[in-house]
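Structure first, commentary second.
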Amino acid sequence: MTERFPGATHLECTATGTRYESERLQGLSDVGKPLFARYDLEALRGRFTPATPGDRAPDMWRYAEVLPVRDPACRVRLGEGFTPLLDAPRLAGRIGVGRVWVKDEGQNPTGSFKDRGLGMAVSRAKELGASAIALPSAGNAGSAASAYGAAAGLPVHVVVPKDTPRPILEEIRALGADLQLLDGLITDCGRVVRRGVEEKGWFDLSTLKEPYRVEGKKTMGYELFEQLGGRLPDVILYPTGGGTGLIGMWKAFDEMERLGWIGPERPRMVTVQAAGCAPMVRAFEAGADHADMWEGAATYASGLRVPGAVGDFLILRALRESRGTAVAIPDHEMEEWVHRMGADTGIFGAPEGGAVAAAAARLREGGFLSDDDEIVLFNTGSGLKYVGMTPVD
Ligand SMILES: *Cc1c(COP(=O)(O)O)cnc(C)c1O
């Protein structure tokens, strides 16, 4: 018999702490906030150690004890996660910091880190008996949901803005999903999905509107620790749309402390957004706990074209608790840094990856970063997915 894993003990509302049942399909909490999966970390302490994943397959499932899927047969696998953490000395020299690692998420199955979140959410939806899944997407989440839905044998409905990059649209179609194009933003696409949820019983996989995409993304935090040989970097720069990855890593660090893997120290977390859509940067600078909707969002970094995020308060809290910051980068500067990063490292990054490299250079100039800081830049996708897209400013 194959080993089953304990999974979550329950879900918890991130705003009120109210407990919810984990063994059935759940969306937002009763107050409309994201739910977090909670584990019996006390029981895992000393049994799930940094050495435990050592001889397991090189994918995100190596951290199975702190993941929600109980039955390994329900894992929908395409090779997601455990992407390389690449040492980039020439890029470090150019930016003027002690060390730069690029976490190259472009090497995931559909070319972006959305595979982690959707791989986990689709696996869990399958385990809990969903019959059809749906989501609004700025692009890459649609590819990932289509791929994992196809692999799981579940029908997938994707609604995207009509100016989503063409390679992504062709990919979604090739993966057999039902694709709807809309003249609007991801928030408008969300309304169409909600109608399908109400009328046709689709299960909604929107960012943070179900509890498990963030569980897939949190594996990036465990991986950084494992790939750095049991420590964390000084600073993590993350291109933030809905913020699942940043929120997920912050959750992973909290779990790692409860597991006894680390102490209270944390990397400084940096949110990077597009100058044409920067609701989190604006809220961070204003000292606000929540972010207002950004009007007229425009950027060619489609993953950053997210005018409002249901997890805004969680992003802002992680930035403040970590003594981090938030930076907005214009599109043309992202493009310049895609080229610099490419020439310095051999990685053809997404505009979102260019954005974090640009942000690191700005933060070095402004003194937030010093010449001995060791930093991780998240290149969240492959540049190949954006072929034909050009900066909007
Ligand atoms: C979705 C996406 C982002 C933003 O990710 P969030 O977790 O929603 O903040 C960044 N980069 C790329 C390439 C994306 O597809």
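Going through the structure tokens in order, the chains are called A, B, and so on, while each chain numbers its residues from 1 and the ligands are numbered from 1 in the order shown.
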Write out as a ChimeraX atom specification the residues lying within 9 Å of region 194-199 of chain A, counting only C-alpha atoms and excluding same-chain residues fewer than 6 positions away.
/A:133-135,157
Quiz item: Would you name the residues within 6 Å of ligand 1, counting only C-alpha atoms and all ligand atoms, and put them as a list in words?
Solution: Ser112, Asn140, Pro239, Thr240, Gly241, Gly242, Gly243, Thr244, Gly245, Gly303, Leu304, Glu352, Thr380 and Gly381 of chain A
Shell of 12 Å around Gly153 (chain A), only C-alpha atoms, local chain residues under 6 positions omitted, as number ranges by chain: A: 74, 76, 122-123, 125-126, 130-133, 145-147, 175-177
Identify all residues of region 210-370 of chain A in strand (DSSP E) (DSSP on the backbone) and supply them as a JSON list (two decimals) with N, CA and C atoms, in the first residue's frame.
```
[["chain", "number", "residue", "atom", "x", "y", "z"],
["A", 235, "VAL", "N", 17.20, 38.90, 1.10],
["A", 235, "VAL", "CA", 16.09, 39.62, 0.47],
["A", 235, "VAL", "C", 15.50, 38.75, -0.64],
["A", 236, "ILE", "N", 14.17, 38.79, -0.77],
["A", 236, "ILE", "CA", 13.48, 38.11, -1.87],
["A", 236, "ILE", "C", 12.68, 39.15, -2.64],
["A", 237, "LEU", "N", 12.94, 39.24, -3.95],
["A", 237, "LEU", "CA", 12.17, 40.16, -4.79],
["A", 237, "LEU", "C", 11.18, 39.37, -5.62],
["A", 238, "TYR", "N", 9.92, 39.76, -5.52],
["A", 238, "TYR", "CA", 8.84, 38.96, -6.08],
["A", 238, "TYR", "C", 7.89, 39.84, -6.90],
["A", 239, "PRO", "N", 7.66, 39.49, -8.17],
["A", 239, "PRO", "CA", 6.72, 40.27, -8.99],
["A", 239, "PRO", "C", 5.30, 39.93, -8.59],
["A", 268, "ARG", "N", 13.93, 39.93, 3.98],
["A", 268, "ARG", "CA", 13.10, 41.09, 3.67],
["A", 268, "ARG", "C", 12.38, 40.80, 2.36],
["A", 269, "MET", "N", 11.07, 41.00, 2.37],
["A", 269, "MET", "CA", 10.24, 40.67, 1.20],
["A", 269, "MET", "C", 9.96, 41.94, 0.40],
["A", 270, "VAL", "N", 10.17, 41.86, -0.91],
["A", 270, "VAL", "CA", 9.96, 43.03, -1.77],
["A", 270, "VAL", "C", 8.92, 42.70, -2.85],
["A", 271, "THR", "N", 7.86, 43.49, -2.87],
["A", 271, "THR", "CA", 6.85, 43.39, -3.93],
["A", 271, "THR", "C", 7.26, 44.29, -5.08],
["A", 272, "VAL", "N", 7.25, 43.73, -6.29],
["A", 272, "VAL", "CA", 7.54, 44.51, -7.48],
["A", 272, "VAL", "C", 6.30, 44.49, -8.37],
["A", 273, "GLN", "N", 5.86, 45.67, -8.77],
["A", 273, "GLN", "CA", 4.70, 45.77, -9.67],
["A", 273, "GLN", "C", 5.03, 46.64, -10.88],
["A", 274, "ALA", "N", 4.09, 46.72, -11.81],
["A", 274, "ALA", "CA", 4.28, 47.56, -13.00],
["A", 274, "ALA", "C", 3.82, 48.98, -12.68],
["A", 325, "THR", "N", 9.83, 46.16, 1.22],
["A", 325, "THR", "CA", 9.36, 47.37, 0.56],
["A", 325, "THR", "C", 8.60, 47.00, -0.71],
["A", 326, "ALA", "N", 8.18, 48.03, -1.46],
["A", 326, "ALA", "CA", 7.41, 47.80, -2.68],
["A", 326, "ALA", "C", 7.88, 48.80, -3.74],
["A", 327, "VAL", "N", 8.02, 48.32, -4.95],
["A", 327, "VAL", "CA", 8.60, 49.13, -6.03],
["A", 327, "VAL", "C", 7.77, 48.97, -7.30],
["A", 328, "ALA", "N", 7.57, 50.08, -8.03],
["A", 328, "ALA", "CA", 6.86, 50.02, -9.33],
["A", 328, "ALA", "C", 7.85, 50.30, -10.46],
["A", 329, "ILE", "N", 7.78, 49.50, -11.51],
["A", 329, "ILE", "CA", 8.73, 49.59, -12.62],
["A", 329, "ILE", "C", 7.97, 49.82, -13.94]]
```
Do you have, as JSON lines, the list of residues of region 28-134 of chain A lying at most 7 Å from region 344-351 of chain A, each with its nearest atom pair and that distance in Å to one decimal, counting only C-alpha atoms and ordered by chain then number?
```
{"residue": "A:Ala88", "atom": "CA", "partner": "A:Thr345", "partner_atom": "CA", "distance": 6.1}
{"residue": "A:Arg90", "atom": "CA", "partner": "A:Asp344", "partner_atom": "CA", "distance": 5.7}
{"residue": "A:Leu91", "atom": "CA", "partner": "A:Asp344", "partner_atom": "CA", "distance": 5.6}
```
Dump of N, CA, C and O atoms for the selected residues, as a PDB file, in the first residue's frame:
```pdb
ATOM      1  N   ALA A  88      24.073  33.942 -10.118  1.00  0.00           N
ATOM      2  CA  ALA A  88      24.237  34.881 -11.236  1.00  0.00           C
ATOM      3  C   ALA A  88      25.263  35.954 -10.895  1.00  0.00           C
ATOM      4  O   ALA A  88      24.901  37.110 -10.641  1.00  0.00           O
ATOM      5  N   ARG A  90      27.527  37.665 -12.612  1.00  0.00           N
ATOM      6  CA  ARG A  90      27.653  38.890 -13.425  1.00  0.00           C
ATOM      7  C   ARG A  90      26.485  39.832 -13.204  1.00  0.00           C
ATOM      8  O   ARG A  90      26.646  41.055 -13.159  1.00  0.00           O
ATOM      9  N   LEU A  91      25.302  39.265 -13.021  1.00  0.00           N
ATOM     10  CA  LEU A  91      24.138  40.107 -12.708  1.00  0.00           C
ATOM     11  C   LEU A  91      24.326  40.768 -11.335  1.00  0.00           C
ATOM     12  O   LEU A  91      23.996  41.941 -11.142  1.00  0.00           O
TER      13      LEU A  91
END
```
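You can rank A:Arg305, A:Lys33, A:Arg75, A:Arg340 by their closest distance to Gly353 (chain A) using only C-alpha atoms, and at the top of that list sits A:Arg340.
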Write out as a PyMOL selection string the residues lying within 7 Å of region 21-24 of chain A, counting only C-alpha atoms and excluding same-chain residues fewer than 4 positions away. chain A and resi 8-11+128
Among region 166-296 of chain A, which ones does DSSP place in helix (DSSP H, G or I), written as a PyMOL selection string? chain A and resi 166-174+186-200+213-217+219-227+244-258+279-286
Worksheet item: Which residues, written as a VMD selection string, have at least one atom at most 8 Å from region 362-366 of chain A, with only C-alpha atoms counted and residues fewer than 6 positions away on the same chain left out?
Response: chain A and resid 95 to 97
Residues as selected, C-alpha atoms, written as a tab-separated table (two decimals), in the first residue's frame, can you do that?
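After the write, selection-v8.tsv holds the following:
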```
chain	number	residue	atom	x	y	z
A	95	ILE	CA	23.41	45.42	-9.69
A	96	GLY	CA	26.16	45.90	-7.10
A	97	VAL	CA	25.12	43.37	-4.44
```
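Between Glu374 (chain A) and the residues A:Phe36, A:Phe284, A:Trp101, A:Phe203, the shortest atom-to-atom distance, using only C-alpha atoms, involves A:Trp101.
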With distances taken over only C-alpha atoms, the candidate from A:Gly216, A:Gly190, A:Gly81, A:Pro165 nearest Ala37 (chain A) is A:Gly216
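Among the candidates A:Glu226, A:Asp204, A:Glu285, A:Asp178, the one nearest to Ala51 (chain A) when counting only C-alpha atoms is A:Glu226.
Considering the residues A:Pro34, A:Pro50, A:Pro211, A:Gly342 and counting only C-alpha atoms, Gly230 (chain A) has its shortest atom-to-atom contact with A:Pro50.
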Fewer than 4 positions away in the same chain doesn't count, so skip those; otherwise give me all residues within 8 Å of Glu215 (chain A), counting only C-alpha atoms, as a PyMOL selection string. chain A and resi 37+67-68+117+120+211+219+248
Once you have the residues from the selection above, write them out as a PDB file, in the first residue's frame, restricted to all heavy atoms.
```pdb
ATOM      1  N   ALA A  37      -4.778  26.571   4.834  1.00  0.00           N
ATOM      2  CA  ALA A  37      -4.729  25.202   5.354  1.00  0.00           C
ATOM      3  C   ALA A  37      -3.788  25.186   6.552  1.00  0.00           C
ATOM      4  O   ALA A  37      -2.710  25.775   6.525  1.00  0.00           O
ATOM      5  CB  ALA A  37      -4.228  24.250   4.274  1.00  0.00           C
ATOM      6  N   LEU A  67       1.678  19.441   2.807  1.00  0.00           N
ATOM      7  CA  LEU A  67       0.799  19.714   1.660  1.00  0.00           C
ATOM      8  C   LEU A  67      -0.558  19.070   1.914  1.00  0.00           C
ATOM      9  O   LEU A  67      -0.666  18.102   2.683  1.00  0.00           O
ATOM     10  CB  LEU A  67       1.437  19.173   0.379  1.00  0.00           C
ATOM     11  CG  LEU A  67       2.770  19.848  -0.016  1.00  0.00           C
ATOM     12  CD1 LEU A  67       3.353  19.191  -1.266  1.00  0.00           C
ATOM     13  CD2 LEU A  67       2.606  21.349  -0.213  1.00  0.00           C
ATOM     14  N   PRO A  68      -1.604  19.604   1.262  1.00  0.00           N
ATOM     15  CA  PRO A  68      -2.965  19.151   1.600  1.00  0.00           C
ATOM     16  C   PRO A  68      -3.395  17.830   0.970  1.00  0.00           C
ATOM     17  O   PRO A  68      -4.350  17.227   1.450  1.00  0.00           O
ATOM     18  CB  PRO A  68      -3.835  20.297   1.066  1.00  0.00           C
ATOM     19  CG  PRO A  68      -3.050  20.876  -0.064  1.00  0.00           C
ATOM     20  CD  PRO A  68      -1.605  20.757   0.344  1.00  0.00           C
ATOM     21  N   GLY A 117       0.778  26.375  -8.206  1.00  0.00           N
ATOM     22  CA  GLY A 117      -0.507  26.646  -7.568  1.00  0.00           C
ATOM     23  C   GLY A 117      -1.625  25.825  -8.187  1.00  0.00           C
ATOM     24  O   GLY A 117      -2.433  25.214  -7.489  1.00  0.00           O
ATOM     25  N   MET A 120      -1.398  22.048  -7.527  1.00  0.00           N
ATOM     26  CA  MET A 120      -1.890  21.690  -6.195  1.00  0.00           C
ATOM     27  C   MET A 120      -3.415  21.810  -6.134  1.00  0.00           C
ATOM     28  O   MET A 120      -4.110  20.912  -5.631  1.00  0.00           O
ATOM     29  CB  MET A 120      -1.250  22.619  -5.149  1.00  0.00           C
ATOM     30  CG  MET A 120      -1.492  22.220  -3.719  1.00  0.00           C
ATOM     31  SD  MET A 120      -0.765  20.612  -3.319  1.00  0.00           S
ATOM     32  CE  MET A 120       0.987  20.958  -3.554  1.00  0.00           C
ATOM     33  N   PRO A 211      -8.412  27.413  -1.136  1.00  0.00           N
ATOM     34  CA  PRO A 211      -7.259  27.452  -0.209  1.00  0.00           C
ATOM     35  C   PRO A 211      -5.952  26.837  -0.709  1.00  0.00           C
ATOM     36  O   PRO A 211      -4.958  26.899   0.011  1.00  0.00           O
ATOM     37  CB  PRO A 211      -7.756  26.627   0.988  1.00  0.00           C
ATOM     38  CG  PRO A 211      -9.140  26.186   0.694  1.00  0.00           C
ATOM     39  CD  PRO A 211      -9.441  26.450  -0.720  1.00  0.00           C
ATOM     40  N   THR A 219       5.631  26.136  -1.732  1.00  0.00           N
ATOM     41  CA  THR A 219       6.785  25.234  -1.881  1.00  0.00           C
ATOM     42  C   THR A 219       8.024  25.996  -2.342  1.00  0.00           C
ATOM     43  O   THR A 219       9.150  25.530  -2.127  1.00  0.00           O
ATOM     44  CB  THR A 219       6.483  24.077  -2.865  1.00  0.00           C
ATOM     45  OG1 THR A 219       6.116  24.600  -4.143  1.00  0.00           O
ATOM     46  CG2 THR A 219       5.358  23.190  -2.339  1.00  0.00           C
ATOM     47  N   GLY A 248       2.412  32.845   0.043  1.00  0.00           N
ATOM     48  CA  GLY A 248       2.733  31.430   0.248  1.00  0.00           C
ATOM     49  C   GLY A 248       4.099  31.247   0.888  1.00  0.00           C
ATOM     50  O   GLY A 248       4.261  30.449   1.816  1.00  0.00           O
TER      51      GLY A 248
END
```
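Between CA of Leu228 (chain A) and CA of Thr52 (chain A) the separation is 15.7 Å.
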**Prompt:** Near Glu210 (chain A), counting only C-alpha atoms, which residues have an atom at most 7 Å away, once you skip same-chain residues fewer than 5 positions from it, shown as a VMD selection string?
**Reply:** chain A and resid 26 to 28 205
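Distances here use only C-alpha atoms; by that measure, the residue among A:Ser29, A:Ser206, A:Gln180, A:Thr164 closest to Thr390 (chain A) is A:Thr164.
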